[in-house]
Amino acid sequence: MGFLFVRERIGEVKRPLGGVSVLTLLFCCSTVFAQEIELEKIVITPHRFEEFLRAAGGSVTVITSEEAKEKGLNTVKDVLKNVLGLDVVKTGEYGGQTSVFLRGANSGQTRVMIDGVRVYDPISVNAAFDFAHLTMDNVERIEIVRGPQSALYGSDAMGGVINIITKKGRGKLRYSLLYEGGAHNTFRQAVDLQGQVKKLSYSMSASRLDSDGISQLRNTSEEDSYGRVAVSLRLDYDITDELAIGLIGRHTESRFHYDDDFANKDDADLLNKSRQTIFSSYFNLTLFDFWKQKLQLSQTSNFRRDTNDRDPQFPSDYLRDWYYGKTEQIDWQHIFEIRDFYKIITGFTWQKEVGDYYYFSDSIFGPWETDFPKSSTWNRGWYIENRFEGGDFHGSFSYRRDEHSLFEYHDTYKVDASYRFKTNTKIKGGWGTAYKAPTLYQLYALPIPFFFGGGNINLQPEESESYEAGFEQLLFDEKLIFGATYFHTNFKNLIDAVYNPVTWFTDMYMNVGKARAFGCEAQISYKPFKKLKIVGHYTWMETKDKDTGNELLRRPKNKFTLNINYAPYEKININFNVIYVGHRIDSGNQLLKSYPKADLAINYHINEYFQIFGRLDNLFNEKYEEVKGYATSGFAAYAGIETRF
């Protein structure tokens, strides 16, 4: 991969809005399709403490591991594709950089966490988290909170927050073994065990996937292989009723070939290797009935390396590079239950990030070497939230102050409220500000001619201001749930490389951009009887670069998802999923065509110990692109067996 990053800053052409957009807005706010709403699910992310989804403020989606399994999904990126208001884009089917765009925000403007720990690549250009290799192993649920969340979580949370939560072991020892094989000579093995011994809870999992893969680029034919190993561990120990400690760890290694996208040709020697590691420990202490606190200490690291040897096809091509980034984090939180209807959540966070890289290439343009000096920044923040829960009314006000090592204090705010009427009609709304601190690369990088600008230590944070309003309706004893939310976000001080038109070189990164994103998210869930559930969602969104008038790259105006889950018998579960992604604009004024994609998954429980399963991806062999020039898989079939004891 090296410096072959795909730029995602603001689009380059503008299509007229037209009357159809107004009709679409009216449609999505009256006829609603959408993501499943399970009101009795427990969530943590919206307000940093456990509560029912029914009471959570803002726009929240929760996806459990059971729901992902019903759909035959084993990676987080595939699970997120079906989330309301969220788009997943990857540069290649196996191993390609995988980014998320939440409510129009750039991929680096959504905060990603694993068990509350911020995860990202500190040394990449926009410091986004790469979802290419993250599996669902040992994952209990994924919580997605849409809208600005910096008042509670700090930098990056402009589009929202994605929190992946690990399983906590319960009950007697249980373990499972899984084997799956299918298209592109792909094989996956996994082992999982969990349980509880007195006061100790444990859950562990490990998996391996190997595939011949497909060609990363559309116009090439050579298969690009992929391999991945993932391990996850969680330990929880209740020392007393008032004190608990725990350890959480996750490690992923990957290895994959890819193509020369600059020359648009196969290159059998281009190879990427990467490692992602997270380690966290926590201490939960209840001092009094009204005062609970949690201290979490965490470390993360990311390492990736690219190699390319000279060969007959590319006799002048040679590449050696490596990139290393790590973080150290502290999160100390307090929850004060002042009254039954009033809580105060307050805390302190501290983070240090370090990055370093080396790059050497020799090609027809001549040799080029860059040795990025090890650089670091730190950030500390204080936050407080006032949470009111009075019967059918829920509301909160949050404030946070952050101090960065290179700029002074930055304040963010958020207000949200909801009210449920006796008719089971809920109305909700919110307003908030958010920000993203400059990345290590943007602050300190040496310029790469024709590609990337140099660092600028005078950069200021990117900022946003957002508001939303919506409703939710429950009917027929909650068999039918539907709702819609309108959102609007303004971005300013966006960071981008400024080009010199004379030399064609990038001079440096500067705060030069403004953008806007607004739209409507609509949703419905219908369960006419126990064996059948129909869930759909629809997102309509307009984006605009305020400086150029162009659309933002790779954000579709229309996205629709329909999921039908049917269990005709106790032992059989059938899941049919359709996703439609509308037209988008990519780099170079290129139009990405709209596409539908259908998938089918079937699970059959032979008995309490054995289960067989299969899935058909891209059922109708649709040809489409998520990024211009990059290939996606056609029809693919997979099958496997799982045993549980």
# chains A, B, ... in the order shown; residues from 1 in each chain; ligands from 1

$ residues_around --residues "Arg218 (chain A)" --least-positions-apart "3" --cutoff "6 Å" --atoms "only C-alpha atoms" --output "PyMOL selection string"
chain A and resi 629-631

$ write_last_selection --atoms "N, CA and C atoms" --output "PDB file, in the first residue's frame"
ATOM      1  N   GLY A 629     -12.401   1.639 -10.334  1.00  0.00           N
ATOM      2  CA  GLY A 629     -11.270   0.839 -10.771  1.00  0.00           C
ATOM      3  C   GLY A 629     -10.984  -0.371  -9.919  1.00  0.00           C
ATOM      4  N   TYR A 630     -11.622  -0.493  -8.754  1.00  0.00           N
ATOM      5  CA  TYR A 630     -11.359  -1.616  -7.858  1.00  0.00           C
ATOM      6  C   TYR A 630     -12.458  -2.663  -7.987  1.00  0.00           C
ATOM      7  N   ALA A 631     -12.042  -3.928  -7.988  1.00  0.00           N
ATOM      8  CA  ALA A 631     -12.969  -5.033  -8.239  1.00  0.00           C
ATOM      9  C   ALA A 631     -13.732  -5.426  -6.976  1.00  0.00           C
TER      10      ALA A 631
END

$ residues_around --residues "Leu233 (chain A)" --least-positions-apart "5" --cutoff "8 Å" --atoms "only C-alpha atoms" --output "PyMOL selection string"
chain A and resi 138+202-205+247-250

$ residues_around --residues "Asp289 (chain A)" --least-positions-apart "6" --cutoff "10 Å" --atoms "only C-alpha atoms" --output "PDB file with N, CA and C atoms, in the first residue's frame"
ATOM      1  N   GLU A 242     -18.374  -4.758  45.427  1.00  0.00           N
ATOM      2  CA  GLU A 242     -18.127  -3.355  45.101  1.00  0.00           C
ATOM      3  C   GLU A 242     -16.937  -3.158  44.162  1.00  0.00           C
ATOM      4  N   PHE A 336     -22.613   9.687  39.203  1.00  0.00           N
ATOM      5  CA  PHE A 336     -23.279  10.074  40.442  1.00  0.00           C
ATOM      6  C   PHE A 336     -24.786  10.025  40.218  1.00  0.00           C
ATOM      7  N   GLU A 337     -25.475   9.140  40.931  1.00  0.00           N
ATOM      8  CA  GLU A 337     -26.930   9.065  40.856  1.00  0.00           C
ATOM      9  C   GLU A 337     -27.500   9.949  41.961  1.00  0.00           C
TER      10      GLU A 337
END

$ residues_around --residues "Leu406 (chain A)" --least-positions-apart "2" --cutoff "9 Å" --atoms "only C-alpha atoms" --output "PyMOL selection string"
chain A and resi 377-378+403-404+408+457-460

$ select_by_dssp --residues "region 148-307 of chain A" --states "strand (DSSP E or B)" --output "PyMOL selection string"
chain A and resi 160-166+174-182+186-197+200-211+217+226-238+243-257+260+265+271-288+291-307

$ select_by_dssp --residues "region 281-497 of chain A" --states "helix (DSSP H, G or I)" --output "PyMOL selection string"
chain A and resi 440-444

$ write_last_selection --atoms "N, CA and C atoms" --output "PDB file, in the first residue's frame"
ATOM      1  N   LEU A 440      -0.997  13.105  13.147  1.00  0.00           N
ATOM      2  CA  LEU A 440       0.466  13.184  13.170  1.00  0.00           C
ATOM      3  C   LEU A 440       1.025  13.427  11.771  1.00  0.00           C
ATOM      4  N   TYR A 441       0.439  12.750  10.786  1.00  0.00           N
ATOM      5  CA  TYR A 441       0.920  12.915   9.411  1.00  0.00           C
ATOM      6  C   TYR A 441       0.701  14.349   8.944  1.00  0.00           C
ATOM      7  N   GLN A 442      -0.481  14.895   9.197  1.00  0.00           N
ATOM      8  CA  GLN A 442      -0.774  16.254   8.756  1.00  0.00           C
ATOM      9  C   GLN A 442       0.095  17.285   9.472  1.00  0.00           C
ATOM     10  N   LEU A 443       0.532  16.977  10.665  1.00  0.00           N
ATOM     11  CA  LEU A 443       1.351  17.908  11.429  1.00  0.00           C
ATOM     12  C   LEU A 443       2.825  17.860  11.060  1.00  0.00           C
ATOM     13  N   TYR A 444       3.341  16.646  10.788  1.00  0.00           N
ATOM     14  CA  TYR A 444       4.791  16.496  10.701  1.00  0.00           C
ATOM     15  C   TYR A 444       5.320  15.881   9.406  1.00  0.00           C
TER      16      TYR A 444
END

$ residues_around --residues "region 513-526 of chain A" --least-positions-apart "4" --cutoff "6 Å" --atoms "only C-alpha atoms" --output "PyMOL selection string"
chain A and resi 28+32-36+104+479-494+533-546
